[in-house]
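Content type PDB, C-alpha atoms, pLDDT in the B column, from the file final-v3.pdb:
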```pdb
ATOM      1  CA  MET A   1      88.820 126.010  83.895  1.00 59.00           C
ATOM      2  CA  ARG A   2      89.871 122.715  82.307  1.00 63.00           C
ATOM      3  CA  ASN A   3      88.642 120.773  85.350  1.00 69.00           C
ATOM      4  CA  TYR A   4      85.167 122.314  85.003  1.00 68.00           C
ATOM      5  CA  PHE A   5      84.968 121.258  81.345  1.00 71.00           C
ATOM      6  CA  VAL A   6      86.135 117.734  82.161  1.00 69.00           C
ATOM      7  CA  TYR A   7      83.626 117.489  85.030  1.00 71.00           C
ATOM      8  CA  ALA A   8      80.780 118.727  82.795  1.00 73.00           C
ATOM      9  CA  TRP A   9      81.764 116.278  80.064  1.00 71.00           C
ATOM     10  CA  THR A  10      81.889 113.426  82.582  1.00 75.00           C
ATOM     11  CA  MET A  11      78.338 114.282  83.681  1.00 79.00           C
ATOM     12  CA  LEU A  12      77.009 114.611  80.112  1.00 79.00           C
ATOM     13  CA  ASP A  13      78.724 111.509  78.724  1.00 79.00           C
ATOM     14  CA  PRO A  14      75.970 109.027  79.754  1.00 76.00           C
ATOM     15  CA  PHE A  15      73.430 111.110  77.803  1.00 81.00           C
ATOM     16  CA  TYR A  16      75.719 111.197  74.758  1.00 78.00           C
ATOM     17  CA  TYR A  17      76.081 107.421  75.050  1.00 81.00           C
ATOM     18  CA  ARG A  18      72.280 106.925  74.948  1.00 81.00           C
ATOM     19  CA  ILE A  19      71.612 109.447  72.172  1.00 83.00           C
ATOM     20  CA  THR A  20      74.258 107.976  69.854  1.00 81.00           C
ATOM     21  CA  ARG A  21      73.043 104.383  70.452  1.00 87.00           C
ATOM     22  CA  LEU A  22      76.512 103.187  71.374  1.00 91.00           C
ATOM     23  CA  THR A  23      77.278  99.801  72.894  1.00 92.00           C
ATOM     24  CA  TYR A  24      80.091  98.949  75.269  1.00 91.00           C
ATOM     25  CA  ILE A  25      82.328  96.046  74.286  1.00 89.00           C
ATOM     26  CA  PRO A  26      82.138  93.451  77.095  1.00 79.00           C
ATOM     27  CA  HIS A  27      85.389  93.237  79.027  1.00 72.00           C
ATOM     28  CA  TYR A  28      87.144  89.888  79.227  1.00 67.00           C
ATOM     29  CA  ASN A  29      88.399  90.207  82.795  1.00 63.00           C
ATOM     30  CA  GLU A  30      87.788  92.371  85.852  1.00 63.00           C
ATOM     31  CA  GLN A  31      91.090  94.248  85.540  1.00 67.00           C
ATOM     32  CA  PHE A  32      90.514  95.620  82.048  1.00 77.00           C
ATOM     33  CA  LYS A  33      87.633  97.530  80.485  1.00 85.00           C
ATOM     34  CA  ASN A  34      87.541  97.906  76.715  1.00 91.00           C
ATOM     35  CA  ILE A  35      88.122 101.486  75.502  1.00 93.00           C
ATOM     36  CA  PHE A  36      85.786 101.106  72.509  1.00 94.00           C
ATOM     37  CA  ARG A  37      82.135 101.992  72.353  1.00 94.00           C
ATOM     38  CA  VAL A  38      80.575 100.899  69.080  1.00 96.00           C
ATOM     39  CA  ARG A  39      77.507 100.807  66.876  1.00 95.00           C
ATOM     40  CA  LEU A  40      76.628  99.343  63.496  1.00 96.00           C
ATOM     41  CA  THR A  41      76.557 101.918  60.729  1.00 96.00           C
ATOM     42  CA  SER A  42      75.769 102.069  57.051  1.00 96.00           C
ATOM     43  CA  TYR A  43      78.862 103.624  55.480  1.00 93.00           C
ATOM     44  CA  LYS A  44      78.152 106.913  53.674  1.00 89.00           C
ATOM     45  CA  GLY A  45      81.611 108.001  52.487  1.00 85.00           C
ATOM     46  CA  ALA A  46      83.693 107.541  49.347  1.00 86.00           C
ATOM     47  CA  PRO A  47      84.631 103.961  48.340  1.00 90.00           C
ATOM     48  CA  PHE A  48      87.971 102.550  49.461  1.00 88.00           C
ATOM     49  CA  THR A  49      89.874  99.374  48.716  1.00 94.00           C
ATOM     50  CA  LEU A  50      91.922  98.087  51.642  1.00 95.00           C
ATOM     51  CA  SER A  51      95.289  96.357  51.344  1.00 95.00           C
ATOM     52  CA  ASP A  52      93.695  92.896  51.680  1.00 95.00           C
ATOM     53  CA  GLU A  53      91.452  93.745  48.663  1.00 95.00           C
ATOM     54  CA  THR A  54      88.349  94.310  50.813  1.00 96.00           C
ATOM     55  CA  LYS A  55      86.235  96.931  49.052  1.00 95.00           C
ATOM     56  CA  ILE A  56      84.366  99.377  51.282  1.00 94.00           C
ATOM     57  CA  ASN A  57      81.435 100.871  49.367  1.00 95.00           C
ATOM     58  CA  LYS A  58      78.538 103.149  50.182  1.00 93.00           C
ATOM     59  CA  HIS A  59      75.878 101.433  52.338  1.00 96.00           C
ATOM     60  CA  ASP A  60      78.210  98.636  53.481  1.00 97.00           C
ATOM     61  CA  THR A  61      77.656  97.580  57.076  1.00 97.00           C
ATOM     62  CA  LEU A  62      80.566  98.540  59.322  1.00 97.00           C
ATOM     63  CA  VAL A  63      81.163  98.661  63.047  1.00 98.00           C
ATOM     64  CA  LYS A  64      81.879 102.271  63.903  1.00 96.00           C
ATOM     65  CA  ILE A  65      84.325 102.548  66.784  1.00 96.00           C
ATOM     66  CA  HIS A  66      84.416 105.432  69.244  1.00 92.00           C
ATOM     67  CA  LEU A  67      87.117 105.831  71.854  1.00 90.00           C
ATOM     68  CA  HIS A  68      85.707 106.527  75.308  1.00 89.00           C
ATOM     69  CA  ASN A  69      87.361 109.955  75.268  1.00 84.00           C
ATOM     70  CA  ILE A  70      86.331 111.300  78.671  1.00 85.00           C
ATOM     71  CA  ARG A  71      87.608 108.121  80.293  1.00 89.00           C
ATOM     72  CA  LEU A  72      90.926 108.571  78.462  1.00 85.00           C
ATOM     73  CA  LEU A  73      91.171 112.205  79.562  1.00 82.00           C
ATOM     74  CA  ASN A  74      90.642 111.224  83.198  1.00 84.00           C
ATOM     75  CA  GLU A  75      93.082 108.312  83.018  1.00 86.00           C
ATOM     76  CA  MET A  76      95.787 110.436  81.354  1.00 83.00           C
ATOM     77  CA  ASN A  77      95.361 113.363  83.727  1.00 80.00           C
ATOM     78  CA  SER A  78      98.714 112.773  85.429  1.00 80.00           C
ATOM     79  CA  PHE A  79     100.720 112.290  82.220  1.00 81.00           C
ATOM     80  CA  GLN A  80     103.166 115.083  81.515  1.00 76.00           C
ATOM     81  CA  THR A  81     104.084 114.647  77.857  1.00 80.00           C
ATOM     82  CA  ASP A  82     102.338 113.949  74.555  1.00 77.00           C
ATOM     83  CA  ILE A  83     104.612 110.925  74.084  1.00 84.00           C
ATOM     84  CA  GLN A  84     103.332 109.367  77.331  1.00 87.00           C
ATOM     85  CA  LYS A  85      99.748 109.998  76.240  1.00 84.00           C
ATOM     86  CA  ALA A  86     100.306 108.590  72.738  1.00 84.00           C
ATOM     87  CA  ARG A  87     101.899 105.430  74.159  1.00 90.00           C
ATOM     88  CA  TYR A  88      99.017 104.971  76.587  1.00 90.00           C
ATOM     89  CA  VAL A  89      96.381 105.373  73.859  1.00 89.00           C
ATOM     90  CA  TYR A  90      98.276 102.942  71.608  1.00 91.00           C
ATOM     91  CA  LYS A  91      98.521 100.358  74.392  1.00 92.00           C
ATOM     92  CA  ILE A  92      94.879 100.560  75.451  1.00 92.00           C
ATOM     93  CA  VAL A  93      93.632 100.359  71.851  1.00 93.00           C
ATOM     94  CA  GLN A  94      95.898  97.347  71.260  1.00 92.00           C
ATOM     95  CA  GLN A  95      94.474  95.681  74.390  1.00 91.00           C
ATOM     96  CA  SER A  96      90.902  96.459  73.270  1.00 93.00           C
ATOM     97  CA  LEU A  97      91.094  95.049  69.733  1.00 94.00           C
ATOM     98  CA  PRO A  98      90.846  91.363  70.766  1.00 92.00           C
ATOM     99  CA  GLY A  99      87.575  92.157  72.552  1.00 92.00           C
ATOM    100  CA  LEU A 100      86.311  93.954  69.449  1.00 94.00           C
ATOM    101  CA  ALA A 101      87.199  90.896  67.329  1.00 94.00           C
ATOM    102  CA  ASN A 102      85.214  88.698  69.711  1.00 92.00           C
ATOM    103  CA  TYR A 103      82.276  91.147  69.652  1.00 94.00           C
ATOM    104  CA  ILE A 104      82.076  90.960  65.833  1.00 95.00           C
ATOM    105  CA  GLN A 105      82.623  87.188  65.752  1.00 93.00           C
ATOM    106  CA  SER A 106      79.685  86.789  68.180  1.00 92.00           C
ATOM    107  CA  HIS A 107      77.411  89.385  66.531  1.00 94.00           C
ATOM    108  CA  SER A 108      74.124  88.240  64.989  1.00 95.00           C
ATOM    109  CA  LYS A 109      74.960  90.266  61.849  1.00 96.00           C
ATOM    110  CA  LYS A 110      78.580  89.163  61.551  1.00 95.00           C
ATOM    111  CA  GLU A 111      78.076  87.972  57.956  1.00 96.00           C
ATOM    112  CA  GLN A 112      76.994  91.463  56.810  1.00 97.00           C
ATOM    113  CA  ILE A 113      79.770  93.312  58.673  1.00 97.00           C
ATOM    114  CA  LYS A 114      82.654  94.121  56.304  1.00 97.00           C
ATOM    115  CA  GLY A 115      84.954  95.805  58.792  1.00 96.00           C
ATOM    116  CA  ILE A 116      85.448  98.575  61.288  1.00 97.00           C
ATOM    117  CA  VAL A 117      85.689 102.314  60.777  1.00 95.00           C
ATOM    118  CA  GLY A 118      86.648 105.185  63.016  1.00 92.00           C
ATOM    119  CA  ILE A 119      87.448 108.850  62.653  1.00 88.00           C
ATOM    120  CA  THR A 120      90.435 110.168  64.555  1.00 84.00           C
ATOM    121  CA  THR A 121      93.248 112.674  64.616  1.00 80.00           C
ATOM    122  CA  LEU A 122      95.403 110.019  66.360  1.00 72.00           C
ATOM    123  CA  ASN A 123      96.284 108.232  63.131  1.00 69.00           C
ATOM    124  CA  LYS A 124     100.078 108.109  63.499  1.00 76.00           C
ATOM    125  CA  GLY A 125     101.104 104.555  64.309  1.00 80.00           C
ATOM    126  CA  CYS A 126      97.640 103.138  63.712  1.00 89.00           C
ATOM    127  CA  ASP A 127      99.029 101.057  60.827  1.00 91.00           C
ATOM    128  CA  ARG A 128     101.043  99.022  63.359  1.00 93.00           C
ATOM    129  CA  LEU A 129      97.728  98.001  64.904  1.00 94.00           C
ATOM    130  CA  GLY A 130      96.341  96.907  61.525  1.00 94.00           C
ATOM    131  CA  PHE A 131      94.406 100.052  60.595  1.00 95.00           C
ATOM    132  CA  GLU A 132      94.637 101.880  57.286  1.00 94.00           C
ATOM    133  CA  SER A 133      94.019 105.623  57.216  1.00 91.00           C
ATOM    134  CA  PHE A 134      92.336 107.612  54.459  1.00 89.00           C
ATOM    135  CA  ASP A 135      91.564 111.276  54.017  1.00 85.00           C
ATOM    136  CA  ILE A 136      87.975 112.418  54.489  1.00 82.00           C
ATOM    137  CA  THR A 137      87.010 113.681  51.040  1.00 80.00           C
ATOM    138  CA  ASN A 138      83.844 115.555  52.048  1.00 77.00           C
ATOM    139  CA  SER A 139      85.204 118.928  53.212  1.00 75.00           C
ATOM    140  CA  PHE A 140      82.054 119.896  55.145  1.00 71.00           C
ATOM    141  CA  TYR A 141      82.051 116.600  57.040  1.00 71.00           C
ATOM    142  CA  LYS A 142      85.779 116.932  57.771  1.00 72.00           C
ATOM    143  CA  TRP A 143      85.342 120.391  59.284  1.00 66.00           C
ATOM    144  CA  TRP A 144      82.251 119.241  61.177  1.00 66.00           C
ATOM    145  CA  LYS A 145      84.331 116.445  62.772  1.00 68.00           C
ATOM    146  CA  MET A 146      87.070 118.970  63.612  1.00 67.00           C
ATOM    147  CA  ILE A 147      84.852 120.573  66.286  1.00 62.00           C
ATOM    148  CA  PRO A 148      84.846 117.703  68.828  1.00 61.00           C
ATOM    149  CA  PHE A 149      88.465 116.758  68.050  1.00 59.00           C
ATOM    150  CA  PHE A 150      89.541 120.347  68.576  1.00 61.00           C
ATOM    151  CA  SER A 151      87.960 120.300  72.073  1.00 61.00           C
ATOM    152  CA  ILE A 152      89.477 116.917  72.930  1.00 63.00           C
ATOM    153  CA  ASN A 153      92.951 118.011  71.837  1.00 62.00           C
ATOM    154  CA  LEU A 154      92.783 121.233  73.837  1.00 56.00           C
ATOM    155  CA  LEU A 155      91.582 119.433  76.965  1.00 59.00           C
ATOM    156  CA  SER A 156      94.162 116.648  76.670  1.00 60.00           C
ATOM    157  CA  THR A 157      97.031 119.089  76.019  1.00 63.00           C
ATOM    158  CA  PRO A 158      96.258 122.305  77.949  1.00 58.00           C
ATOM    159  CA  ASN A 159      99.481 124.026  76.803  1.00 61.00           C
ATOM    160  CA  ALA A 160      98.838 123.347  73.118  1.00 56.00           C
ATOM    161  CA  SER A 161      98.557 126.327  70.806  1.00 55.00           C
ATOM    162  CA  PHE A 162      95.542 126.910  68.594  1.00 55.00           C
ATOM    163  CA  SER A 163      97.677 126.503  65.462  1.00 59.00           C
ATOM    164  CA  SER A 164      99.200 123.174  66.584  1.00 57.00           C
ATOM    165  CA  VAL A 165      95.767 121.710  67.358  1.00 54.00           C
ATOM    166  CA  LYS A 166      94.383 123.035  64.071  1.00 59.00           C
ATOM    167  CA  LYS A 167      97.029 121.075  62.142  1.00 63.00           C
ATOM    168  CA  LYS A 168      95.656 117.758  63.414  1.00 69.00           C
ATOM    169  CA  LYS A 169      93.192 116.754  60.702  1.00 78.00           C
ATOM    170  CA  PRO A 170      90.699 113.945  61.309  1.00 82.00           C
ATOM    171  CA  LYS A 171      91.000 110.909  59.055  1.00 87.00           C
ATOM    172  CA  TYR A 172      89.069 107.731  58.488  1.00 89.00           C
ATOM    173  CA  ILE A 173      90.696 104.589  59.837  1.00 93.00           C
ATOM    174  CA  PHE A 174      89.538 101.233  58.506  1.00 95.00           C
ATOM    175  CA  MET A 175      90.254  97.598  59.181  1.00 96.00           C
ATOM    176  CA  SER A 176      88.552  94.765  57.348  1.00 97.00           C
ATOM    177  CA  LYS A 177      86.693  92.170  59.386  1.00 96.00           C
ATOM    178  CA  ASP A 178      88.977  89.426  58.042  1.00 95.00           C
ATOM    179  CA  SER A 179      92.096  91.357  59.046  1.00 95.00           C
ATOM    180  CA  LEU A 180      90.724  92.054  62.532  1.00 95.00           C
ATOM    181  CA  LEU A 181      89.734  88.444  63.154  1.00 94.00           C
ATOM    182  CA  HIS A 182      92.985  87.093  61.722  1.00 91.00           C
ATOM    183  CA  SER A 183      95.114  89.398  63.895  1.00 91.00           C
ATOM    184  CA  TYR A 184      93.156  89.514  67.152  1.00 89.00           C
ATOM    185  CA  LYS A 185      90.664  86.639  67.512  1.00 75.00           C
ATOM    186  CA  GLU A 186      93.222  84.197  68.941  1.00 73.00           C
ATOM    187  CA  LYS A 187      94.588  86.880  71.250  1.00 69.00           C
ATOM    188  CA  PHE A 188      91.124  87.243  72.792  1.00 62.00           C
ATOM    189  CA  ALA A 189      91.018  83.511  73.524  1.00 58.00           C
ATOM    190  CA  LYS A 190      94.386  83.714  75.299  1.00 58.00           C
ATOM    191  CA  LEU A 191      93.504  86.864  77.264  1.00 55.00           C
ATOM    192  CA  SER A 192      90.173  85.532  78.465  1.00 54.00           C
ATOM    193  CA  LEU A 193      91.652  82.335  79.925  1.00 50.00           C
TER
END
```

Would it be possible to restate this file's structure as structure tokens?
Amino acid sequence: MRNYFVYAWTMLDPFYYRITRLTYIPHYNEQFKNIFRVRLTSYKGAPFTLSDETKINKHDTLVKIHLHNIRLLNEMNSFQTDIQKARYVYKIVQQSLPGLANYIQSHSKKEQIKGIVGITTLNKGCDRLGFESFDITNSFYKWWKMIPFFSINLLSTPNASFSSVKKKKPKYIFMSKDSLLHSYKEKFAKLSL
């Protein structure tokens, strides 16, 4: 049954990509494709102040990051444990951040962009990558975001129980533009040589 869902999702993903107006981050070499798909967004949530004093307010321009989830599911198909999967996701996000830094640095609206935002249930360890996580304060929006994450978690961990998946609450993750460029811009230059 899982294989049918994954196949259907693989077929529908290009339509989702067009409808949501996402953009692929250009890859810096032929061996690696960036895991992020992104779009500019006007932030609608509660205000936050990040650790570098960047203030994220309503209507600020952010780059919203989406993991290419169906690609991850297919690539992690042979992994046996959650630890293997978590390490893989961590590694591929770490490898993708330099490309994201370059994308923002080269963007025509780079001056307006204040940072990046994502919503994920995979927020453990994200601080080591430079992200800061915050609770989603709007309860309706939080439960609305639970629907796709619930499906992803069940498909990525077929033996997971309903209660264990339900415990994984989505959170905002933020990184300021300055923090991203400071941490990853030079790494992009080295990787693209």

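Applied to the shown file, the PyMOL selection byres ((chain A and resi 22) around 10) selects the residues Tyr16, Tyr17, Arg18, Ile19, Thr20, Arg21, Thr23, Tyr24, Ile25, Phe36, Arg37, Val38, Arg39, Leu40, Lys64, Ile65 and His66 of chain A.
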
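Going from CA of Leu67 in chain A over to CA of Gln95 in chain A, you cover 12.8 Å.
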
For the provided coordinates, the residues matched by the PyMOL selection byres ((chain A and resi 109) around 12) should be stated as a ChimeraX atom specification. /A:39-41,61-63,103-108,110-115

Determine, counting all atoms listed in the file, which protein, DNA and RNA residues have an atom within 10 Å of an atom of range 88-90 of chain A; residues of the same chain fewer than 4 positions away are not included. Present the result as number ranges by chain. A: 35, 67, 72, 75-76, 79, 82-84, 94-96, 122, 124-126, 128-129

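Excluding Ser51 in chain A and any residue on its chain fewer than 6 positions from it, the residues at most 12 Å away by all atoms listed in the file are A:Asp127, A:Gly130, A:Phe131, A:Glu132, A:Ser133, A:Phe174, A:Met175, A:Ser176, A:Asp178, A:Ser179.
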
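Considering all atoms listed in the file, the residue among A:Trp9, A:Tyr184, A:Phe48, A:Phe134 positioned nearest to Pro170 in chain A is A:Phe134.
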
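Here the PyMOL selection byres ((chain A and resi 60) around 6) catches exactly these residues: A:Ser42, A:Tyr43, A:Asn57, A:Lys58, A:His59, A:Thr61.
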
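Residues in contact range of Thr10 in chain A, defined as at most 9 Å between all atoms listed in the file, with sequence neighbours fewer than 5 positions away removed, read Phe5, Ile70 and Arg71 of chain A.
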
Kindly save the residues from that selection, with C-alpha atoms included, as a PDB file, in the frame of the given file.
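Wrote again.pdb, looks like this:
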```pdb
ATOM      1  CA  PHE A   5      84.968 121.258  81.345  1.00 71.00           C
ATOM      2  CA  ILE A  70      86.331 111.300  78.671  1.00 85.00           C
ATOM      3  CA  ARG A  71      87.608 108.121  80.293  1.00 89.00           C
TER       4      ARG A  71
END
```

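Proximity of A:Pro98, A:Gln80, A:Leu73, A:Lys55 to Leu180 in chain A, computed with all atoms listed in the file, is greatest for A:Pro98.
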
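From CA of Ala101 in chain A back to CA of Lys185 in chain A, the distance works out to 5.5 Å.
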
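Distances to Thr54 in chain A were evaluated for A:Lys177, A:Ile136, A:Leu100, A:Lys171 using only C-alpha atoms, and the minimum falls at A:Lys177.
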